[in-house]
Structure formats: C-alpha cells, structure tokens
file coords_4.csv (CSV, C-alpha atoms)
chain,number,residue,atom,x,y,z
A,259,MET,CA,110.9,144.8,6.8
A,260,LYS,CA,114.1,146.6,5.7
A,261,SER,CA,117.4,145.9,4.1
A,262,CYS,CA,121.0,146.8,4.8
A,263,PRO,CA,122.3,149.5,2.4
A,264,VAL,CA,125.9,148.4,3.1
A,265,CYS,CA,125.9,144.6,2.3
A,266,GLY,CA,122.5,144.3,0.8
A,267,ARG,CA,121.1,141.8,3.4
A,268,GLN,CA,117.3,141.7,2.9
A,269,ASP,CA,114.2,140.7,4.9
A,270,LEU,CA,115.4,142.2,8.2
A,271,ALA,CA,113.1,143.0,11.1
A,272,ASP,CA,112.3,146.6,11.5
A,273,ASP,CA,113.5,146.7,15.2
A,274,LEU,CA,117.0,145.5,14.5
A,275,GLY,CA,119.7,147.9,15.6
A,276,GLU,CA,122.4,146.6,13.3
A,277,CYS,CA,122.8,144.3,10.3
A,278,PRO,CA,123.4,140.7,11.5
A,279,ASP,CA,125.8,140.1,8.5
A,280,CYS,CA,128.1,143.1,8.4
A,281,ALA,CA,127.2,144.7,11.8
A,282,SER,CA,126.5,148.1,10.1
A,283,PRO,CA,124.4,150.2,12.5
A,284,PHE,CA,120.9,151.2,11.5
A,285,GLN,CA,119.8,154.8,12.3
A,286,GLY,CA,116.1,155.3,12.1
A,287,ASN,CA,114.5,154.2,8.8
A,288,VAL,CA,117.1,152.7,6.5
A,289,VAL,CA,117.0,154.4,3.1
A,290,ASP,CA,119.5,153.8,0.3
A,291,TYR,CA,120.1,157.2,-1.3
A,292,GLN,CA,120.9,155.5,-4.6
A,293,ALA,CA,117.5,153.8,-4.8
A,294,LEU,CA,114.4,155.2,-6.6
A,295,THR,CA,112.2,157.1,-4.3
A,296,ALA,CA,108.5,156.4,-3.6
A,297,GLY,CA,106.3,157.8,-6.3
A,298,SER,CA,108.9,157.3,-9.1
A,299,LEU,CA,107.3,156.3,-12.4
A,300,LEU,CA,108.7,153.7,-14.8
A,301,LYS,CA,107.8,152.7,-18.4
A,302,ASP,CA,105.8,155.9,-19.2
A,303,GLY,CA,103.9,155.8,-15.9
A,304,GLU,CA,102.9,152.1,-16.1
A,305,TYR,CA,104.7,151.3,-12.8
A,306,GLU,CA,104.8,153.4,-9.7
A,307,ILE,CA,107.4,152.7,-7.0
A,308,ILE,CA,105.9,152.2,-3.5
A,309,GLU,CA,109.0,151.3,-1.4
A,310,LEU,CA,112.4,149.7,-1.5
A,311,LEU,CA,112.2,146.0,-0.6
A,312,GLY,CA,115.9,145.2,-0.7
A,313,ARG,CA,119.3,145.4,-2.4
A,314,GLY,CA,121.5,142.6,-3.7
A,315,GLY,CA,124.9,142.8,-5.3
A,316,PHE,CA,123.6,143.7,-8.7
A,317,ALA,CA,120.0,145.0,-8.3
A,318,PHE,CA,117.5,146.9,-6.3
A,319,THR,CA,114.1,145.3,-5.6
A,320,TYR,CA,111.1,147.5,-5.2
A,321,LEU,CA,107.4,147.1,-4.3
A,322,ALA,CA,105.5,148.8,-7.0
A,323,ARG,CA,102.0,149.3,-8.4
A,324,GLN,CA,101.1,148.4,-11.9
A,325,ARG,CA,98.7,151.2,-12.6
A,326,SER,CA,96.9,149.7,-15.7
A,327,LEU,CA,95.9,146.6,-13.8
A,328,GLY,CA,95.7,148.0,-10.3
A,329,ARG,CA,98.0,145.3,-8.8
A,330,GLU,CA,101.1,145.2,-6.7
A,331,VAL,CA,104.2,143.7,-8.2
A,332,ALA,CA,107.9,143.4,-7.5
A,333,VAL,CA,110.3,145.4,-9.7
A,334,LYS,CA,113.9,144.5,-10.0
A,335,GLU,CA,116.3,147.2,-11.2
A,336,LEU,CA,119.8,146.5,-12.5
A,337,PHE,CA,122.1,148.6,-10.3
A,338,SER,CA,125.5,147.3,-9.2
A,339,ASN,CA,126.6,148.0,-5.6
A,340,ASN,CA,130.0,148.9,-7.2
A,341,SER,CA,129.8,152.7,-7.5
A,342,GLU,CA,132.3,152.5,-10.4
A,343,LEU,CA,129.7,150.6,-12.4
A,344,SER,CA,126.4,152.2,-11.3
A,345,GLN,CA,125.6,155.7,-10.1
A,346,ARG,CA,122.4,157.6,-9.9
A,347,VAL,CA,122.4,161.1,-11.4
A,348,PRO,CA,121.7,163.5,-8.4
A,349,GLY,CA,118.1,164.6,-8.4
A,350,SER,CA,117.2,162.2,-11.2
A,351,SER,CA,116.2,158.5,-11.9
A,352,GLN,CA,118.9,158.2,-14.6
A,353,VAL,CA,121.6,155.6,-14.1
A,354,ILE,CA,125.2,156.2,-15.4
A,355,SER,CA,128.4,154.3,-15.3
A,356,ARG,CA,132.1,155.2,-15.2
A,357,HIS,CA,132.8,152.0,-17.2
A,358,PRO,CA,130.1,151.8,-19.9
A,359,ARG,CA,131.5,148.8,-21.6
A,360,GLU,CA,131.5,146.7,-18.4
A,361,PHE,CA,128.0,147.9,-17.5
A,362,ASP,CA,126.8,146.9,-20.9
A,363,LEU,CA,127.9,143.4,-20.1
A,364,LEU,CA,125.9,143.5,-17.0
A,365,ARG,CA,122.9,144.6,-18.9
A,366,GLN,CA,123.3,141.7,-21.4
A,367,ASP,CA,123.4,139.3,-18.5
A,368,PHE,CA,120.3,140.9,-16.9
A,369,GLN,CA,118.4,140.7,-20.2
A,370,ARG,CA,119.3,137.0,-20.6
A,371,GLU,CA,118.0,136.4,-17.1
A,372,ALA,CA,114.8,138.2,-18.1
A,373,GLU,CA,114.4,136.0,-21.2
A,374,ARG,CA,115.0,132.8,-19.2
A,375,LEU,CA,112.4,133.8,-16.5
A,376,CYS,CA,109.8,134.9,-19.0
A,377,ALA,CA,109.9,131.4,-20.4
A,378,LEU,CA,109.4,129.7,-17.1
A,379,GLU,CA,105.9,128.8,-15.8
A,380,HIS,CA,105.8,126.6,-12.7
A,381,PRO,CA,103.7,127.0,-9.5
A,382,ASP,CA,106.8,126.9,-7.2
A,383,ILE,CA,108.9,129.3,-9.3
A,384,VAL,CA,108.4,133.1,-9.2
A,385,ARG,CA,106.4,134.4,-12.2
A,386,VAL,CA,107.7,137.2,-14.4
A,387,TYR,CA,105.2,139.6,-16.0
A,388,ASP,CA,107.3,142.1,-17.9
A,389,ARG,CA,110.8,143.4,-18.8
A,390,PHE,CA,111.8,146.7,-20.2
A,391,THR,CA,114.6,149.3,-20.5
A,392,ASP,CA,114.3,152.7,-18.7
A,393,ASN,CA,116.6,155.3,-17.0
A,394,GLY,CA,119.6,153.9,-18.8
A,395,THR,CA,119.3,150.4,-17.1
A,396,GLU,CA,117.1,147.3,-17.1
A,397,TYR,CA,114.0,146.3,-15.2
A,398,LEU,CA,112.2,143.0,-14.5
A,399,VAL,CA,108.6,142.9,-13.2
A,400,MET,CA,107.7,139.9,-11.2
A,401,GLU,CA,104.8,138.7,-9.1
A,402,ARG,CA,104.8,139.9,-5.5
A,403,VAL,CA,105.1,136.7,-3.4
A,404,GLU,CA,103.0,137.2,-0.2
A,405,GLY,CA,104.8,135.6,2.7
A,406,LYS,CA,108.2,135.5,4.3
A,407,SER,CA,111.7,134.1,3.4
A,408,LEU,CA,112.4,130.5,4.4
A,409,GLU,CA,115.2,132.0,6.6
A,410,ARG,CA,112.7,134.1,8.5
A,411,TRP,CA,110.1,131.3,8.6
A,412,ARG,CA,112.6,128.9,10.2
A,413,MET,CA,113.4,131.4,12.9
A,414,GLU,CA,109.8,132.3,13.6
A,415,ASP,CA,107.7,129.2,12.9
A,416,GLY,CA,110.0,126.3,12.1
A,417,SER,CA,111.2,125.8,15.7
A,418,GLN,CA,107.8,124.3,16.5
A,419,PHE,CA,108.5,121.3,14.3
A,420,LYS,CA,110.7,118.2,14.7
A,421,PRO,CA,113.6,117.8,12.3
A,422,ASN,CA,111.9,115.1,10.3
A,423,GLN,CA,108.7,117.2,9.9
A,424,LEU,CA,110.6,120.2,8.5
A,425,ARG,CA,111.6,118.4,5.3
A,426,ARG,CA,108.1,118.4,3.9
A,427,HIS,CA,108.0,122.2,4.0
A,428,ILE,CA,110.4,122.4,1.0
A,429,GLU,CA,109.5,119.0,-0.7
A,430,PRO,CA,107.7,120.8,-3.5
A,431,LEU,CA,111.0,122.6,-4.4
A,432,PHE,CA,112.5,119.2,-5.3
A,433,GLU,CA,110.1,118.8,-8.2
A,434,ALA,CA,110.5,122.5,-9.1
A,435,VAL,CA,114.3,122.2,-9.3
A,436,ALA,CA,114.0,118.9,-11.3
A,437,TRP,CA,111.6,120.7,-13.7
A,438,LEU,CA,114.1,123.7,-14.0
A,439,HIS,CA,116.9,121.3,-14.9
A,440,ALA,CA,114.7,119.7,-17.5
A,441,GLN,CA,114.4,123.1,-19.1
A,442,GLY,CA,118.2,123.2,-19.4
A,443,LEU,CA,118.8,125.7,-16.5
A,444,VAL,CA,120.6,125.6,-13.2
A,445,HIS,CA,119.7,128.1,-10.6
A,446,ARG,CA,123.2,128.3,-8.8
A,447,ASP,CA,121.9,130.4,-5.8
A,448,ILE,CA,119.4,128.3,-3.9
A,449,ASN,CA,119.5,129.4,-0.3
A,450,PRO,CA,116.9,130.2,2.5
A,451,ARG,CA,116.8,133.9,1.4
A,452,ASN,CA,115.9,133.0,-2.2
A,453,ILE,CA,113.0,130.8,-1.1
A,454,MET,CA,109.8,132.5,-0.1
A,455,VAL,CA,107.1,130.7,1.9
A,456,ARG,CA,103.7,131.7,0.7
A,457,GLU,CA,100.9,132.3,3.2
A,458,ASP,CA,99.5,128.9,2.5
A,459,GLY,CA,102.9,127.4,3.4
A,460,ARG,CA,104.1,126.4,0.0
A,461,PRO,CA,107.7,127.5,-1.0
A,462,VAL,CA,108.5,129.4,-4.1
A,463,LEU,CA,112.0,129.8,-5.7
A,464,ILE,CA,113.0,133.4,-6.5
A,465,ASP,CA,116.1,135.4,-7.7
A,466,PHE,CA,117.5,133.8,-10.9
A,467,GLY,CA,120.3,136.4,-11.1
A,468,LEU,CA,123.0,133.7,-11.2
A,469,ALA,CA,121.0,131.2,-13.3
A,470,ARG,CA,122.9,129.7,-16.3
A,471,HIS,CA,122.3,127.1,-19.0
A,472,ILE,CA,123.5,123.7,-17.9
A,473,GLY,CA,127.2,123.2,-18.8
A,474,SER,CA,127.8,126.8,-19.8
A,475,GLN,CA,130.7,128.8,-18.4
A,476,ALA,CA,130.3,131.7,-16.0
A,477,GLY,CA,129.2,135.1,-17.4
A,478,SER,CA,130.8,138.5,-16.9
A,479,ARG,CA,129.4,139.1,-13.4
A,480,SER,CA,129.7,135.6,-12.0
A,481,VAL,CA,133.3,135.5,-10.8
A,482,MET,CA,133.3,134.1,-7.2
A,483,ALA,CA,129.5,134.5,-7.1
A,484,ALA,CA,128.6,132.0,-4.4
A,485,THR,CA,126.6,132.1,-1.1
A,486,ASP,CA,128.8,130.7,1.7
A,487,GLY,CA,127.3,127.5,3.2
A,488,TYR,CA,125.1,126.8,0.2
A,489,ALA,CA,127.6,126.8,-2.7
A,490,PRO,CA,129.7,123.7,-3.4
A,491,PRO,CA,133.5,123.9,-3.8
A,492,GLU,CA,133.4,124.0,-7.6
A,493,GLN,CA,131.3,127.1,-7.7
A,494,TYR,CA,134.2,129.2,-6.3
A,495,PHE,CA,136.2,128.6,-9.4
A,496,GLU,CA,135.1,130.3,-12.6
A,497,GLU,CA,136.7,127.7,-14.9
A,498,ASN,CA,134.4,124.9,-13.7
A,499,PRO,CA,131.3,124.1,-15.6
A,500,ARG,CA,127.9,125.1,-14.2
A,501,GLY,CA,126.2,121.7,-13.8
A,502,THR,CA,123.0,120.6,-12.0
A,503,ALA,CA,125.1,119.1,-9.1
A,504,ILE,CA,125.4,122.7,-7.8
A,505,ASP,CA,121.7,122.9,-7.1
A,506,ILE,CA,121.7,119.4,-5.5
A,507,TYR,CA,124.4,120.6,-3.0
A,508,ALA,CA,122.3,123.7,-2.3
A,509,LEU,CA,119.1,121.7,-1.7
A,510,GLY,CA,121.0,119.5,0.8
A,511,ALA,CA,122.4,122.7,2.5
A,512,VAL,CA,118.9,124.2,2.8
A,513,LEU,CA,117.7,120.9,4.4
A,514,TYR,CA,120.6,121.1,6.8
A,515,PHE,CA,119.6,124.7,7.7
A,516,LEU,CA,116.0,123.7,8.4
A,517,VAL,CA,116.9,120.8,10.7
A,518,ARG,CA,119.9,122.5,12.4
A,519,GLY,CA,118.6,126.1,12.5
A,520,GLU,CA,121.9,127.5,11.2
A,521,PRO,CA,123.8,127.5,7.9
A,522,PRO,CA,126.2,124.7,7.2
A,523,PRO,CA,130.0,125.4,7.3
A,524,PRO,CA,131.2,126.9,4.0
A,525,ALA,CA,132.3,124.3,1.5
A,526,LEU,CA,135.9,125.5,1.4
A,527,GLN,CA,136.1,125.2,5.2
A,528,ARG,CA,134.7,121.7,5.0
A,529,LYS,CA,137.3,120.9,2.4
A,530,GLY,CA,140.3,122.7,3.8
A,531,ASN,CA,139.8,122.7,7.6
A,532,ASN,CA,137.7,119.5,7.9
A,533,ALA,CA,134.8,121.4,9.3
A,534,ARG,CA,132.0,118.9,10.0
A,535,LEU,CA,128.3,118.9,9.7
A,536,ARG,CA,126.6,118.7,13.1
A,537,TRP,CA,123.3,117.0,13.6
A,538,PRO,CA,120.4,117.8,16.0
A,539,ARG,CA,118.8,115.2,18.2
A,540,GLY,CA,115.8,113.4,16.7
A,541,ILE,CA,116.9,113.5,13.0
A,542,SER,CA,116.2,110.2,11.2
A,543,ARG,CA,118.9,108.2,9.5
A,544,LYS,CA,117.1,108.6,6.2
A,545,LEU,CA,117.1,112.4,6.4
A,546,LYS,CA,120.7,112.5,7.5
A,547,ASP,CA,121.8,110.3,4.6
A,548,GLU,CA,119.8,112.4,2.2
A,549,ILE,CA,121.6,115.6,3.3
A,550,GLU,CA,125.0,114.0,3.4
A,551,ARG,CA,124.5,112.6,-0.1
A,552,ALA,CA,123.6,116.0,-1.5
A,553,MET,CA,126.5,117.8,0.2
A,554,VAL,CA,129.3,115.5,-1.0
A,555,LEU,CA,132.3,117.8,-1.7
A,556,ASP,CA,133.6,116.0,-4.7
A,557,VAL,CA,131.3,116.9,-7.6
A,558,LYS,CA,132.1,113.6,-9.3
A,559,GLU,CA,130.6,111.7,-6.4
A,560,ARG,CA,127.6,113.9,-5.9
A,561,PRO,CA,124.3,113.1,-7.6
A,562,SER,CA,123.7,115.3,-10.6
A,563,THR,CA,119.9,115.0,-10.7
A,564,VAL,CA,117.1,115.3,-8.1
A,565,GLU,CA,115.9,111.8,-8.9
A,566,GLU,CA,119.4,110.3,-8.6
A,567,TRP,CA,119.9,112.1,-5.3
A,568,LEU,CA,116.7,110.9,-3.6
A,569,THR,CA,116.9,107.4,-5.0
A,570,CYS,CA,120.5,106.9,-3.9
A,571,SER,CA,119.6,108.2,-0.4
A,572,ASP,CA,116.7,105.8,-0.1
A,573,GLN,CA,118.9,102.8,-1.2
A,574,LYS,CA,121.6,103.8,1.3
A,575,SER,CA,119.1,104.0,4.1
A,576,GLU,CA,117.6,100.7,3.1
A,577,LYS,CA,120.9,98.9,3.2
A,578,LYS,CA,121.6,100.3,6.6
A,579,ASP,CA,118.2,99.2,7.9
A,580,ASN,CA,118.6,95.7,6.5
A,581,LYS,CA,122.1,95.4,8.0
A,582,SER,CA,120.8,96.3,11.5
A,583,GLY,CA,117.9,93.9,11.2
A,584,LYS,CA,115.3,96.6,11.2
A,585,ASN,CA,112.2,96.7,9.1
A,586,LYS,CA,112.0,99.5,6.6
A,587,VAL,CA,108.8,101.4,7.1
A,588,GLU,CA,108.7,103.6,4.1
A,589,VAL,CA,110.6,103.9,0.8
A,590,ASN,CA,110.4,107.1,-1.1
A,591,ASN,CA,111.0,106.3,-4.8
A,592,GLY,CA,112.8,109.6,-5.3
A,593,LYS,CA,111.0,110.6,-8.4
A,594,ALA,CA,110.6,114.2,-7.7
A,595,GLN,CA,108.2,115.0,-10.6
A,596,ASN,CA,105.8,112.2,-9.7
A,597,ASN,CA,105.9,113.2,-6.0
A,598,ALA,CA,105.0,116.8,-6.8
A,599,LYS,CA,102.2,115.7,-9.1
A,600,LYS,CA,100.7,113.6,-6.4
A,601,HIS,CA,100.9,116.6,-4.1
A,602,HIS,CA,99.0,118.7,-6.6
A,603,ASP,CA,96.5,115.9,-7.2
A,604,GLY,CA,95.9,115.6,-3.4
A,605,LYS,CA,96.9,111.9,-3.5
A,606,GLU,CA,99.1,109.9,-1.2
A,607,SER,CA,102.8,110.4,-1.7
A,608,GLY,CA,106.1,109.8,0.2
A,609,TYR,CA,104.7,112.4,2.6
A,610,ASP,CA,101.3,112.9,4.2
A,611,SER,CA,98.9,114.5,1.5
A,612,VAL,CA,96.5,115.6,4.3
A,613,TYR,CA,99.3,117.9,5.5
A,614,TRP,CA,99.4,119.9,2.2
A,615,ASP,CA,95.5,119.9,2.1
A,616,ALA,CA,95.6,122.0,5.2
A,617,LYS,CA,95.2,125.7,4.4
A,618,SER,CA,97.5,127.3,6.9
A,619,PRO,CA,100.6,126.5,9.1
A,620,LYS,CA,98.2,126.4,12.1
A,621,GLN,CA,96.1,123.8,10.5
A,622,ARG,CA,99.2,121.8,9.6
A,623,MET,CA,100.2,121.9,13.3
A,624,GLU,CA,96.7,120.5,14.1
A,625,VAL,CA,97.3,117.7,11.6
A,626,GLU,CA,100.5,116.8,13.4
A,627,ALA,CA,98.7,117.0,16.8
A,628,LYS,CA,95.9,114.7,15.6
A,629,LYS,CA,98.4,112.2,14.3
A,630,SER,CA,100.1,112.2,17.7
A,631,GLN,CA,96.8,112.0,19.5
A,632,GLY,CA,95.8,109.0,17.3
A,633,LEU,CA,98.9,107.2,18.2
A,634,GLU,CA,98.4,107.8,21.9
A,635,GLU,CA,94.8,106.6,21.7
A,636,SER,CA,95.9,103.4,20.0
A,637,SER,CA,98.4,102.8,22.7
A,638,ARG,CA,95.8,103.3,25.4
A,639,MET,CA,93.4,100.9,23.7
A,640,VAL,CA,96.1,98.2,23.4
A,641,PHE,CA,97.0,98.7,27.1
A,642,TRP,CA,93.4,98.3,28.3
A,643,ALA,CA,92.8,95.3,26.1
A,644,VAL,CA,95.8,93.5,27.5
A,645,LEU,CA,94.7,94.5,31.1
A,646,CYS,CA,91.2,93.1,30.6
A,647,VAL,CA,92.5,89.9,29.2
A,648,GLY,CA,94.8,89.5,32.2
A,649,VAL,CA,92.1,90.3,34.7
A,650,SER,CA,89.7,87.9,33.0
A,651,GLY,CA,92.3,85.1,33.0
A,652,ALA,CA,93.1,85.7,36.7
A,653,PHE,CA,89.3,85.7,37.6
A,654,GLY,CA,88.8,82.4,35.7
A,655,TYR,CA,91.7,80.8,37.5
A,656,LEU,CA,90.4,81.8,40.9
A,657,VAL,CA,86.9,80.4,40.1
A,658,ARG,CA,88.4,77.0,39.2
A,659,LEU,CA,90.4,77.0,42.5
A,660,PHE,CA,87.3,77.6,44.7
call {"tool": "encode", "arguments": {"input": "coords_4.csv", "output": "structure tokens"}}
result
Amino acid sequence: MKSCPVCGRQDLADDLGECPDCASPFQGNVVDYQALTAGSLLKDGEYEIIELLGRGGFAFTYLARQRSLGREVAVKELFSNNSELSQRVPGSSQVISRHPREFDLLRQDFQREAERLCALEHPDIVRVYDRFTDNGTEYLVMERVEGKSLERWRMEDGSQFKPNQLRRHIEPLFEAVAWLHAQGLVHRDINPRNIMVREDGRPVLIDFGLARHIGSQAGSRSVMAATDGYAPPEQYFEENPRGTAIDIYALGAVLYFLVRGEPPPPALQRKGNNARLRWPRGISRKLKDEIERAMVLDVKERPSTVEEWLTCSDQKSEKKDNKSGKNKVEVNNGKAQNNAKKHHDGKESGYDSVYWDAKSPKQRMEVEAKKSQGLEESSRMVFWAVLCVGVSGAFGYLVRLF
C-alpha cells in the first residue's frame, strides 16, 4: 500500500496511477522526500524505521521495529504538511520550522493527544505503547493493527453483504465510542479511513489527532479541521463547542457509507443546497431511521449519546411499525455498553452472537449462508406438510365416494 505525498491520502493500492482524491499522478514508487528513510533510528536506537505508511495533515506514520522487544509497531511523527511550519534539514532527520512559536503550539497539541491515548485501554481503540521527543519534534508509538481500513474493506469485501448485514461489522464501535465519551473525550474524526478492520473482522478506532475533551474549544491546529461527509455542520465553525453529538453524526455517516458504498454529501451541502441522502434497495426501515437520526443537521435535535441515539431510533421504528399494523420482530434496547459486553461474553445480543464467534470473514459468510439455507429448508418442510395433508384429504374423500 502507498500514500499520496500531495494530499496525504493513505491506504492506496500499489497499482493506482493517480490519487483518487487530488488526481496527482504517481510515478513509480511514491516516496515523500520529507519523510524519514528506511533504517532511520529513533530514541537512541530503540525504534528502527521500516517504511512510510502514510501522511496526514500534521503527521507521518511509519512502520517500525521496536528493537528491544523484536516487534513491529506504528510510529507517528509530528510533521505538518505546511512547509512553513515543518521542514527536514537536508541529509538529516532533524525537523526545523520557520515559525517556531506556532510549531511549539502544534507540539503541545501532539503531546496532549499522546497523554490522552496513553490513558485509554479498550479492545476496539488503538493501543499506545510509548511517546517521546526526538529530532526536534514529537513521536507516538502505537500497536500495528493488522488488517485494512474500513474504506478498503467495504470496496473489497463489503459488497458481498446486504445493507442490513453490514451494520454488525461496526457495531462494536458503538460501545467503544460510548466508552470514549464516558472518559470525557470526543474523537471528532470518525470516518472509514480512521477505522481499521482487524484480520478477525473486528473494527478498531485509530487516529486521535483531533480528539478533544468534551465541551472544550478547538485548539491551535483545529480550525476548519473536518472530514467532508462525516463532519456535522457545527464542526466547520471554531467557536462551537466540541460535544459528543459530533461523533454521533460521524457514526451515522459511516453507516451510510457502508450501506451505500459512497460517502454521504458534505453537511454544508445538505444544509445549503438541500443535498439529500440516497438509500439503496433492501435497507430496512430501522436502519434507515437509525442513520437519519444520527445525521440530523441541527445539533440541538441530534442525540448526544450513543444510548440516546439507538434508543430513539428503536422507538421511532416501533411507532412506524405499530401505525402500519406490522408486528415488530426485534427491539434493540440501544444500550451500547451492554450490547458490547454481550458480544465479548459470547451471549445473545441485538445481533447474532454466532456471527462474532466466527473466526474469519469467510466463516461469517458461511454463517449467513447457513441461516438462509435453514430458512429455505423450513419453507420446504412446510410446503410438503401442506401437500401431504391435501393429498390425504383428497384420497379420503374419494374412498368415501366409492
């Protein structure tokens, strides 16, 4: 995989001829001349750079080897894509800035991110092992998540599933985000590129570069920091508080991406140009209501917690079903923390626990196939039973006639 050195787009296939975001052409192996080269050593030789994984707006991410433990890790290096703020000394690993005071503010933000992440310990949130200062900048050492981004997973594997089956692939994140909010933090950048799908199929939330304490104001590098399609309207304005409703909108947008196969329209387009959400065939009313409820444009009308979001969506669907005279088959109580615990315990939850007991995506496909096969066999049994009763009745009638 490679990244675009112009816009920072990550997780791109090696055979791409140009960046799908900024259309910059790729010529051979893409190498960012400002990035550390393979073999570079950090923290007195503790970490050895293997290769560049990607570049964002404020950092490089490398695959590295922790020499003392003999394991591979991901190392994030603070390095702004604004050349006025960050430059590499030619022939050296040292980072310098033309605006030291502003770069120091970036370093303070980066250090705060590191402190927040070091305190987090959750199975569906990326783990942080170490943080340190070197080369005139800051570094963060994280676990290397084996797998692929949710964006790539949807393109390669997700098309095999029906819209209503796709939801369960990120259900563990609902509990993870609820837990994050309980720690007093809001992520502010939940999108398919910041969600990795492990090899066992479980998602993990990464990149906390924009994370803030709930209710706090934006920091020095957060002006207009928003991912189009996944950020709500209020996130485009610095003066607005950073509340948990931002993450609820993003979760709904991620669900929309999964079922639709493309990002939702940017919030400002939805608000200004009346751009509408478009729904694929086969999506259930419950899932549609859930997404719409999360992506309400007015922050005052949007749920502010995961529990409130899921509970309101269930109640709305229940009212619609009762009004149409249909029997409601299943009610998800919306308590994200209880749901996730039931998943970890292997017990029944709002979704099929057998599904998450499967060890691989292929086995999960087999679970879906067996469920469909079971329904088909039940239908056939009912058909033959009715046919036998009919034949027996007809035979009895003929016997009485003759």
call {"tool": "residues_near_point", "arguments": {"input": "coords_4.csv", "point": "(130.3, 125.2, 3.4)", "cutoff": "10 Å", "atoms": "only C-alpha atoms", "output": "count of residues only"}}
result
24
call {"tool": "closest_residue", "arguments": {"input": "coords_4.csv", "among": "A:Glu309, A:Asp367, A:Glu404, A:Glu373", "to": "A:Asp458", "atoms": "only C-alpha atoms"}}
result
A:Glu404
call {"tool": "closest_residue", "arguments": {"input": "coords_4.csv", "among": "A:Leu398, A:Ala434, A:Met413, A:Ile307", "to": "A:Pro450", "atoms": "only C-alpha atoms"}}
result
A:Met413
call {"tool": "residues_around", "arguments": {"input": "coords_4.csv", "residues": "A:Trp411", "least_positions_apart": "6", "cutoff": "10 Å", "atoms": "only C-alpha atoms", "output": "list in words"}}
result
Gly405, Ser417, Pro450, Met454, Val455, Gly459 and Leu516 of chain A
call {"tool": "atom_distance", "arguments": {"input": "coords_4.csv", "atom1": "atom CA of A:Val403", "atom2": "atom CA of A:Val331"}}
result
8.5 Å
call {"tool": "residues_around", "arguments": {"input": "coords_4.csv", "residues": "A:Arg451", "least_positions_apart": "4", "cutoff": "7 Å", "atoms": "all atoms listed in the file", "output": "PyMOL selection string"}}
result
chain A and resi 407-409
call {"tool": "residues_near_point", "arguments": {"input": "coords_4.csv", "point": "(113.9, 144.3, -11.5)", "cutoff": "9 Å", "atoms": "all atoms listed in the file", "output": "number ranges by chain"}}
result
A: 317-320, 332-336, 389, 396-400
call {"tool": "atom_distance", "arguments": {"input": "coords_4.csv", "atom1": "atom CA of A:Asp388", "atom2": "atom CA of A:Tyr305"}}
result
10.8 Å
call {"tool": "atom_distance", "arguments": {"input": "coords_4.csv", "atom1": "atom CA of A:Asp556", "atom2": "atom CA of A:Thr569"}}
result
18.8 Å
call {"tool": "closest_residue", "arguments": {"input": "coords_4.csv", "among": "A:Val353, A:Leu327, A:Leu321, A:Leu343", "to": "A:Gln292", "atoms": "all atoms listed in the file"}}
result
A:Val353
